[in-house]
>>> print(open('structure.pdb').read())   # PDB, C-alpha atoms
ATOM      1  CA  MET A   1     -13.189   5.091 -20.280
ATOM      2  CA  LEU A   2     -12.789   1.658 -18.708
ATOM      3  CA  ASP A   3     -13.391  -1.438 -20.770
ATOM      4  CA  PRO A   4     -15.645  -4.086 -19.193
ATOM      5  CA  VAL A   5     -12.728  -6.188 -17.943
ATOM      6  CA  GLU A   6     -11.169  -3.221 -16.128
ATOM      7  CA  ALA A   7     -14.577  -2.205 -14.777
ATOM      8  CA  PHE A   8     -15.146  -5.644 -13.228
ATOM      9  CA  GLY A   9     -11.590  -5.549 -11.864
ATOM     10  CA  ALA A  10     -12.258  -2.170 -10.222
ATOM     11  CA  ILE A  11     -15.492  -3.451  -8.726
ATOM     12  CA  ALA A  12     -13.823  -6.629  -7.460
ATOM     13  CA  ASP A  13     -11.109  -4.563  -5.738
ATOM     14  CA  HIS A  14     -13.751  -2.944  -3.519
ATOM     15  CA  LEU A  15     -16.007  -5.955  -3.125
ATOM     16  CA  SER A  16     -14.448  -7.219   0.099
ATOM     17  CA  ALA A  17     -15.410  -3.950   1.810
ATOM     18  CA  PHE A  18     -18.960  -4.338   0.522
ATOM     19  CA  GLU A  19     -19.077  -7.929   1.774
ATOM     20  CA  GLY A  20     -18.046  -6.703   5.214
ATOM     21  CA  LEU A  21     -20.764  -4.051   5.075
ATOM     22  CA  LEU A  22     -23.314  -6.648   3.984
ATOM     23  CA  HIS A  23     -22.374  -8.939   6.882
ATOM     24  CA  ALA A  24     -22.701  -6.008   9.310
ATOM     25  CA  VAL A  25     -26.126  -5.062   7.932
ATOM     26  CA  LEU A  26     -27.291  -8.670   8.122
ATOM     27  CA  TYR A  27     -26.054  -8.873  11.714
ATOM     28  CA  VAL A  28     -28.181  -5.836  12.611
ATOM     29  CA  ILE A  29     -31.191  -7.291  10.781
ATOM     30  CA  GLY A  30     -30.735 -10.516  12.760
ATOM     31  CA  ALA A  31     -30.623  -8.633  16.047
ATOM     32  CA  VAL A  32     -33.768  -6.698  15.111
ATOM     33  CA  LEU A  33     -35.603  -9.905  14.155
ATOM     34  CA  ILE A  34     -34.678 -11.574  17.436
ATOM     35  CA  LEU A  35     -35.754  -8.530  19.451
ATOM     36  CA  GLN A  36     -38.999  -8.376  17.475
ATOM     37  CA  SER A  37     -39.629 -12.070  18.198
ATOM     38  CA  LEU A  38     -39.020 -11.545  21.904
ATOM     39  CA  ARG A  39     -41.414  -8.577  21.849
ATOM     40  CA  LEU A  40     -44.077 -10.679  20.081
ATOM     41  CA  ALA A  41     -43.588 -13.485  22.618
ATOM     42  CA  ALA A  42     -44.030 -11.035  25.481
ATOM     43  CA  ARG A  43     -47.174  -9.621  23.860
ATOM     44  CA  ARG A  44     -48.517 -13.156  23.350
ATOM     45  CA  SER A  45     -47.960 -14.044  26.993
ATOM     46  CA  GLU A  46     -49.612 -10.805  28.111
ATOM     47  CA  PHE A  47     -52.596 -10.581  25.712
ATOM     48  CA  GLY A  48     -53.112 -14.224  24.743
ATOM     49  CA  ALA A  49     -52.716 -16.369  21.667
ATOM     50  CA  GLN A  50     -54.757 -14.069  19.413
ATOM     51  CA  SER A  51     -52.107 -11.327  19.558
ATOM     52  CA  ALA A  52     -49.321 -13.236  17.764
ATOM     53  CA  THR A  53     -48.896 -16.688  16.269
ATOM     54  CA  SER A  54     -46.220 -18.952  17.628
ATOM     55  CA  GLY A  55     -45.049 -19.717  14.065
ATOM     56  CA  ARG A  56     -44.276 -16.068  13.478
ATOM     57  CA  ILE A  57     -42.396 -15.839  16.766
ATOM     58  CA  PHE A  58     -40.294 -18.947  16.071
ATOM     59  CA  SER A  59     -39.616 -18.081  12.434
ATOM     60  CA  GLY A  60     -38.472 -14.589  13.381
ATOM     61  CA  PHE A  61     -36.184 -15.973  16.045
ATOM     62  CA  ILE A  62     -34.722 -18.655  13.766
ATOM     63  CA  THR A  63     -34.264 -16.219  10.878
ATOM     64  CA  GLY A  64     -32.650 -13.707  13.202
ATOM     65  CA  ALA A  65     -30.248 -16.349  14.467
ATOM     66  CA  ALA A  66     -29.434 -17.300  10.858
ATOM     67  CA  PHE A  67     -28.613 -13.659  10.112
ATOM     68  CA  LEU A  68     -26.537 -13.261  13.269
ATOM     69  CA  ALA A  69     -24.482 -16.292  12.272
ATOM     70  CA  PHE A  70     -24.595 -15.592   8.524
ATOM     71  CA  PRO A  71     -21.185 -17.133   7.675
ATOM     72  CA  ALA A  72     -22.233 -20.335   9.463
ATOM     73  CA  THR A  73     -25.572 -20.265   7.631
ATOM     74  CA  VAL A  74     -23.770 -20.000   4.297
ATOM     75  CA  SER A  75     -21.402 -22.816   5.306
ATOM     76  CA  ALA A  76     -24.326 -25.046   6.241
ATOM     77  CA  LEU A  77     -26.018 -24.364   2.900
ATOM     78  CA  LEU A  78     -22.835 -25.091   0.984
ATOM     79  CA  ALA A  79     -22.261 -28.300   2.937
ATOM     80  CA  SER A  80     -25.842 -29.367   2.203
ATOM     81  CA  ILE A  81     -25.595 -28.735  -1.525
ATOM     82  CA  PHE A  82     -21.942 -29.367  -2.394
ATOM     83  CA  GLY A  83     -20.823 -31.633   0.439
ATOM     84  CA  SER A  84     -18.158 -29.144   1.522
ATOM     85  CA  SER A  85     -18.568 -25.921   3.457
ATOM     86  CA  GLU A  86     -15.571 -24.215   1.845
ATOM     87  CA  ILE A  87     -16.127 -21.383  -0.612
ATOM     88  CA  ALA A  88     -14.070 -21.959  -3.749
ATOM     89  CA  GLY A  89     -11.806 -19.105  -4.823
ATOM     90  CA  PRO A  90     -12.226 -17.494  -8.236
ATOM     91  CA  GLU A  91      -8.989 -19.068  -9.470
ATOM     92  CA  MET A  92     -10.708 -22.469  -9.197
ATOM     93  CA  MET A  93     -12.657 -21.628 -12.373
ATOM     94  CA  PHE A  94      -9.651 -22.664 -14.445
ATOM     95  CA  SER A  95      -8.852 -25.890 -12.597
ATOM     96  CA  ILE A  96     -12.326 -27.400 -12.330
ATOM     97  CA  ASP A  97     -13.857 -26.655 -15.734
ATOM     98  CA  ASN A  98     -12.433 -29.645 -17.703
ATOM     99  CA  GLY A  99     -10.390 -27.385 -19.982
ATOM    100  CA  THR A 100     -13.256 -25.165 -21.160
ATOM    101  CA  LEU A 101     -11.580 -21.906 -20.084
ATOM    102  CA  ASP A 102      -7.939 -22.941 -20.630
ATOM    103  CA  PRO A 103      -7.360 -20.473 -23.514
ATOM    104  CA  LEU A 104      -8.317 -17.589 -21.189
ATOM    105  CA  ALA A 105      -6.218 -18.652 -18.182
ATOM    106  CA  GLY A 106      -3.371 -16.124 -18.404
ATOM    107  CA  SER A 107      -5.005 -13.321 -20.368
ATOM    108  CA  ALA A 108      -6.825 -10.174 -19.350
ATOM    109  CA  ALA A 109     -10.081 -12.032 -19.909
ATOM    110  CA  GLY A 110      -8.999 -14.494 -17.203
ATOM    111  CA  VAL A 111      -8.587 -11.609 -14.771
ATOM    112  CA  GLY A 112     -12.040 -10.408 -15.799
ATOM    113  CA  ILE A 113     -13.475 -13.859 -15.161
ATOM    114  CA  ASP A 114     -11.951 -13.853 -11.672
ATOM    115  CA  ALA A 115     -13.537 -10.463 -10.991
ATOM    116  CA  LEU A 116     -16.866 -11.636 -12.396
ATOM    117  CA  VAL A 117     -16.818 -14.662 -10.085
ATOM    118  CA  LEU A 118     -16.337 -12.334  -7.090
ATOM    119  CA  VAL A 119     -19.332 -10.255  -8.206
ATOM    120  CA  ILE A 120     -21.414 -13.429  -8.631
ATOM    121  CA  ARG A 121     -20.401 -14.513  -5.111
ATOM    122  CA  PHE A 122     -21.528 -11.170  -3.675
ATOM    123  CA  VAL A 123     -24.883 -11.461  -5.466
ATOM    124  CA  GLY A 124     -25.159 -14.979  -4.031
ATOM    125  CA  PHE A 125     -24.782 -13.644  -0.489
ATOM    126  CA  ILE A 126     -27.585 -11.172  -1.187
ATOM    127  CA  ALA A 127     -29.757 -13.957  -2.637
ATOM    128  CA  ILE A 128     -29.282 -16.108   0.469
ATOM    129  CA  ALA A 129     -30.281 -13.168   2.678
ATOM    130  CA  ARG A 130     -33.331 -12.511   0.531
ATOM    131  CA  GLY A 131     -34.291 -16.174   0.694
ATOM    132  CA  LEU A 132     -34.109 -16.112   4.482
ATOM    133  CA  LEU A 133     -36.346 -13.023   4.572
ATOM    134  CA  PHE A 134     -38.854 -14.691   2.225
ATOM    135  CA  LEU A 135     -38.938 -17.776   4.448
ATOM    136  CA  ASN A 136     -39.531 -15.523   7.441
ATOM    137  CA  LEU A 137     -42.455 -13.859   5.629
ATOM    138  CA  ALA A 138     -43.941 -17.261   4.781
ATOM    139  CA  ALA A 139     -44.586 -17.972   8.482
ATOM    140  CA  SER A 140     -46.977 -15.045   8.765
ATOM    141  CA  PRO A 141     -50.554 -16.361   8.541
ATOM    142  CA  ASP A 142     -51.902 -13.444   6.478
ATOM    143  CA  GLY A 143     -48.643 -12.740   4.685
ATOM    144  CA  PRO A 144     -47.667 -13.527   1.124
ATOM    145  CA  ARG A 145     -46.972 -17.085   0.053
ATOM    146  CA  THR A 146     -43.206 -16.898  -0.225
ATOM    147  CA  LEU A 147     -42.096 -20.382   0.783
ATOM    148  CA  GLY A 148     -41.206 -21.450  -2.769
ATOM    149  CA  PRO A 149     -39.353 -18.238  -3.663
ATOM    150  CA  GLY A 150     -37.542 -18.393  -0.322
ATOM    151  CA  PHE A 151     -36.133 -21.851  -1.011
ATOM    152  CA  THR A 152     -35.367 -20.869  -4.597
ATOM    153  CA  PHE A 153     -33.323 -17.877  -3.482
ATOM    154  CA  LEU A 154     -31.502 -19.984  -0.879
ATOM    155  CA  ILE A 155     -30.497 -22.627  -3.414
ATOM    156  CA  ALA A 156     -29.633 -20.160  -6.171
ATOM    157  CA  GLY A 157     -27.640 -18.060  -3.715
ATOM    158  CA  ALA A 158     -25.661 -21.095  -2.567
ATOM    159  CA  LEU A 159     -24.925 -21.998  -6.193
ATOM    160  CA  ALA A 160     -23.773 -18.431  -6.855
ATOM    161  CA  VAL A 161     -21.590 -18.273  -3.746
ATOM    162  CA  ASN A 162     -19.758 -21.411  -4.851
ATOM    163  CA  PHE A 163     -19.967 -20.621  -8.572
ATOM    164  CA  PRO A 164     -16.615 -22.163  -9.616
ATOM    165  CA  ILE A 165     -17.694 -25.569  -8.283
ATOM    166  CA  PHE A 166     -21.141 -25.217  -9.869
ATOM    167  CA  PHE A 167     -19.550 -24.201 -13.179
ATOM    168  CA  GLY A 168     -17.234 -27.201 -12.992
ATOM    169  CA  LEU A 169     -20.206 -29.515 -12.405
ATOM    170  CA  MET A 170     -22.035 -28.030 -15.387
ATOM    171  CA  ALA A 171     -18.934 -28.226 -17.594
ATOM    172  CA  GLY A 172     -18.503 -31.877 -16.645
ATOM    173  CA  LEU A 173     -22.170 -32.548 -17.338
ATOM    174  CA  PHE A 174     -22.230 -30.942 -20.774
ATOM    175  CA  ALA A 175     -18.674 -31.732 -21.896
ATOM    176  CA  GLY A 176     -18.473 -34.183 -24.731
TER     177      GLY A 176
END
>>> encode(input="structure.pdb", output="structure tokens")
Amino acid sequence: MLDPVEAFGAIADHLSAFEGLLHAVLYVIGAVLILQSLRLAARRSEFGAQSATSGRIFSGFITGAAFLAFPATVSALLASIFGSSEIAGPEMMFSIDNGTLDPLAGSAAGVGIDALVLVIRFVGFIAIARGLLFLNLAASPDGPRTLGPGFTFLIAGALAVNFPIFFGLMAGLFAG
């Protein structure tokens, strides 16, 4: 039986394949949203303004474009929040944290922390995608009110994608 550190290491070994799959799925979702927006625009021009709202058409098109260019969307979010569009590697946990994790740097726990950071990054990508979908739903006039949760998922996802930098900021804030 694997201990938790080995389990996270095994998951992290396969995570790059899952990230590629996630980017492919998001690309398809973006294409579907753009095609759906074009279909709604055609229906609006044929049947009039009562058939589809222009907000729904534009939000579907913009969300679809954000999914098609998902790496650029993530870079723009990171640049907006952190001032840099680069995603920090998991090894940055030990150089940014003001010495909080120094005792774990060369041990098996350090390898587990690296793997955990990769899992957190993957969850962050999913959170950003979910936030974009919530923002797309918010443009529907009779749809659920998901504007707040959409922005929350976007911000939390960006913090998770660049978790080593966020952890370093928190360690600097709370360090004595």
>>> resolve_selection(input="structure.pdb", expression="the PyMOL selection byres ((chain A and resi 73) around 12)", output="MDAnalysis selection string")
chainID A and resid 23 26 62:72 74:80 85 125 128:129 131:132 154 157:158
>>> resolve_selection(input="structure.pdb", expression="the PyMOL selection byres ((chain A and resi 54) around 12)", output="number ranges by chain")
A: 37-38, 40-45, 48-53, 55-61, 139-141
>>> resolve_selection(input="structure.pdb", expression="the PyMOL selection byres ((chain A and resi 113-115) around 8)", output="VMD selection string")
chain A and resid 8 to 9 11 to 12 90 to 91 93 109 to 112 116 to 119
>>> atom_distance(input="structure.pdb", atom1="CA of Ala156 (chain A)", atom2="CA of Asp13 (chain A)")
24.2 Å
>>> closest_residue(input="structure.pdb", among="A:Leu22, A:Gly124, A:Phe134, A:Ile81", to="Thr146 (chain A)", atoms="all atoms listed in the file")
A:Phe134
>>> closest_residue(input="structure.pdb", among="A:Ile34, A:Ile87, A:Val28, A:Ile96", to="Phe167 (chain A)", atoms="all atoms listed in the file")
A:Ile96
>>> closest_residue(input="structure.pdb", among="A:Val161, A:Ala31, A:Met170, A:Ala138", to="Glu19 (chain A)", atoms="only C-alpha atoms")
A:Val161
>>> closest_residue(input="structure.pdb", among="A:Ala7, A:Leu173, A:Ile165, A:Val32", to="Gly89 (chain A)", atoms="all atoms listed in the file")
A:Ile165
>>> atom_distance(input="structure.pdb", atom1="CA of Ala160 (chain A)", atom2="CA of Leu147 (chain A)")
19.9 Å
>>> atom_distance(input="structure.pdb", atom1="CA of Pro164 (chain A)", atom2="CA of Phe94 (chain A)")
8.5 Å
>>> decode(input="structure.pdb", residues="region 138-151 of chain A", atoms="all heavy atoms", output="mmCIF file, in the first residue's frame")
data_model
loop_
_atom_site.group_PDB
_atom_site.id
_atom_site.type_symbol
_atom_site.label_atom_id
_atom_site.label_comp_id
_atom_site.auth_asym_id
_atom_site.auth_seq_id
_atom_site.Cartn_x
_atom_site.Cartn_y
_atom_site.Cartn_z
ATOM 1 N N ALA A 138 -24.299 33.562 -16.285
ATOM 2 C CA ALA A 138 -24.815 34.799 -15.704
ATOM 3 C C ALA A 138 -25.410 35.725 -16.756
ATOM 4 O O ALA A 138 -26.225 36.583 -16.429
ATOM 5 C CB ALA A 138 -23.712 35.521 -14.941
ATOM 6 N N ALA A 139 -25.028 35.581 -18.012
ATOM 7 C CA ALA A 139 -25.539 36.455 -19.073
ATOM 8 C C ALA A 139 -26.925 36.047 -19.539
ATOM 9 O O ALA A 139 -27.584 36.809 -20.243
ATOM 10 C CB ALA A 139 -24.582 36.448 -20.256
ATOM 11 N N SER A 140 -27.376 34.875 -19.157
ATOM 12 C CA SER A 140 -28.704 34.422 -19.542
ATOM 13 C C SER A 140 -29.749 35.152 -18.700
ATOM 14 O O SER A 140 -29.648 35.188 -17.476
ATOM 15 C CB SER A 140 -28.793 32.905 -19.332
ATOM 16 O OG SER A 140 -30.002 32.418 -19.808
ATOM 17 N N PRO A 141 -30.757 35.753 -19.324
ATOM 18 C CA PRO A 141 -31.698 36.577 -18.556
ATOM 19 C C PRO A 141 -32.511 35.786 -17.530
ATOM 20 O O PRO A 141 -32.811 36.293 -16.465
ATOM 21 C CB PRO A 141 -32.597 37.198 -19.617
ATOM 22 C CG PRO A 141 -32.376 36.432 -20.848
ATOM 23 C CD PRO A 141 -31.057 35.752 -20.741
ATOM 24 N N ASP A 142 -32.869 34.560 -17.821
ATOM 25 C CA ASP A 142 -33.665 33.757 -16.895
ATOM 26 C C ASP A 142 -32.813 32.733 -16.150
ATOM 27 O O ASP A 142 -33.334 31.916 -15.415
ATOM 28 C CB ASP A 142 -34.771 33.022 -17.652
ATOM 29 C CG ASP A 142 -35.753 33.987 -18.281
ATOM 30 O OD1 ASP A 142 -35.917 35.091 -17.722
ATOM 31 O OD2 ASP A 142 -36.335 33.653 -19.327
ATOM 32 N N GLY A 143 -31.514 32.786 -16.364
ATOM 33 C CA GLY A 143 -30.617 31.818 -15.761
ATOM 34 C C GLY A 143 -30.298 32.136 -14.314
ATOM 35 O O GLY A 143 -30.737 33.143 -13.750
ATOM 36 N N PRO A 144 -29.518 31.282 -13.700
ATOM 37 C CA PRO A 144 -29.147 31.508 -12.298
ATOM 38 C C PRO A 144 -28.218 32.706 -12.153
ATOM 39 O O PRO A 144 -27.541 33.105 -13.098
ATOM 40 C CB PRO A 144 -28.436 30.205 -11.917
ATOM 41 C CG PRO A 144 -27.930 29.654 -13.207
ATOM 42 C CD PRO A 144 -28.925 30.073 -14.248
ATOM 43 N N ARG A 145 -28.206 33.268 -10.991
ATOM 44 C CA ARG A 145 -27.340 34.417 -10.698
ATOM 45 C C ARG A 145 -25.969 33.890 -10.286
ATOM 46 O O ARG A 145 -25.735 33.569 -9.136
ATOM 47 C CB ARG A 145 -27.939 35.280 -9.587
ATOM 48 C CG ARG A 145 -29.315 35.779 -9.900
ATOM 49 C CD ARG A 145 -29.268 36.755 -11.075
ATOM 50 N NE ARG A 145 -30.609 37.110 -11.509
ATOM 51 C CZ ARG A 145 -31.020 37.004 -12.750
ATOM 52 N NH1 ARG A 145 -30.237 36.529 -13.676
ATOM 53 N NH2 ARG A 145 -32.239 37.371 -13.089
ATOM 54 N N THR A 146 -25.085 33.788 -11.255
ATOM 55 C CA THR A 146 -23.789 33.159 -11.014
ATOM 56 C C THR A 146 -22.625 34.104 -11.267
ATOM 57 O O THR A 146 -21.499 33.647 -11.454
ATOM 58 C CB THR A 146 -23.630 31.912 -11.905
ATOM 59 O OG1 THR A 146 -23.784 32.291 -13.271
ATOM 60 C CG2 THR A 146 -24.641 30.841 -11.540
ATOM 61 N N LEU A 147 -22.861 35.395 -11.257
ATOM 62 C CA LEU A 147 -21.790 36.345 -11.509
ATOM 63 C C LEU A 147 -20.753 36.318 -10.372
ATOM 64 O O LEU A 147 -19.552 36.232 -10.621
ATOM 65 C CB LEU A 147 -22.353 37.748 -11.690
ATOM 66 C CG LEU A 147 -21.382 38.814 -12.170
ATOM 67 C CD1 LEU A 147 -20.891 38.482 -13.569
ATOM 68 C CD2 LEU A 147 -22.036 40.177 -12.155
ATOM 69 N N GLY A 148 -21.225 36.360 -9.137
ATOM 70 C CA GLY A 148 -20.319 36.322 -7.990
ATOM 71 C C GLY A 148 -19.522 35.025 -7.911
ATOM 72 O O GLY A 148 -18.289 35.055 -7.781
ATOM 73 N N PRO A 149 -20.197 33.864 -7.996
ATOM 74 C CA PRO A 149 -19.428 32.613 -7.988
ATOM 75 C C PRO A 149 -18.474 32.483 -9.170
ATOM 76 O O PRO A 149 -17.392 31.918 -9.039
ATOM 77 C CB PRO A 149 -20.507 31.527 -8.053
ATOM 78 C CG PRO A 149 -21.715 32.156 -7.474
ATOM 79 C CD PRO A 149 -21.636 33.602 -7.863
ATOM 80 N N GLY A 150 -18.839 33.056 -10.312
ATOM 81 C CA GLY A 150 -17.950 33.002 -11.471
ATOM 82 C C GLY A 150 -16.647 33.739 -11.220
ATOM 83 O O GLY A 150 -15.563 33.210 -11.475
ATOM 84 N N PHE A 151 -16.745 34.955 -10.684
ATOM 85 C CA PHE A 151 -15.527 35.708 -10.366
ATOM 86 C C PHE A 151 -14.744 35.053 -9.234
ATOM 87 O O PHE A 151 -13.517 35.070 -9.235
ATOM 88 C CB PHE A 151 -15.861 37.160 -10.017
ATOM 89 C CG PHE A 151 -16.138 38.008 -11.217
ATOM 90 C CD1 PHE A 151 -17.345 38.664 -11.354
ATOM 91 C CD2 PHE A 151 -15.196 38.151 -12.223
ATOM 92 C CE1 PHE A 151 -17.604 39.447 -12.460
ATOM 93 C CE2 PHE A 151 -15.449 38.929 -13.339
ATOM 94 C CZ PHE A 151 -16.654 39.574 -13.460
#
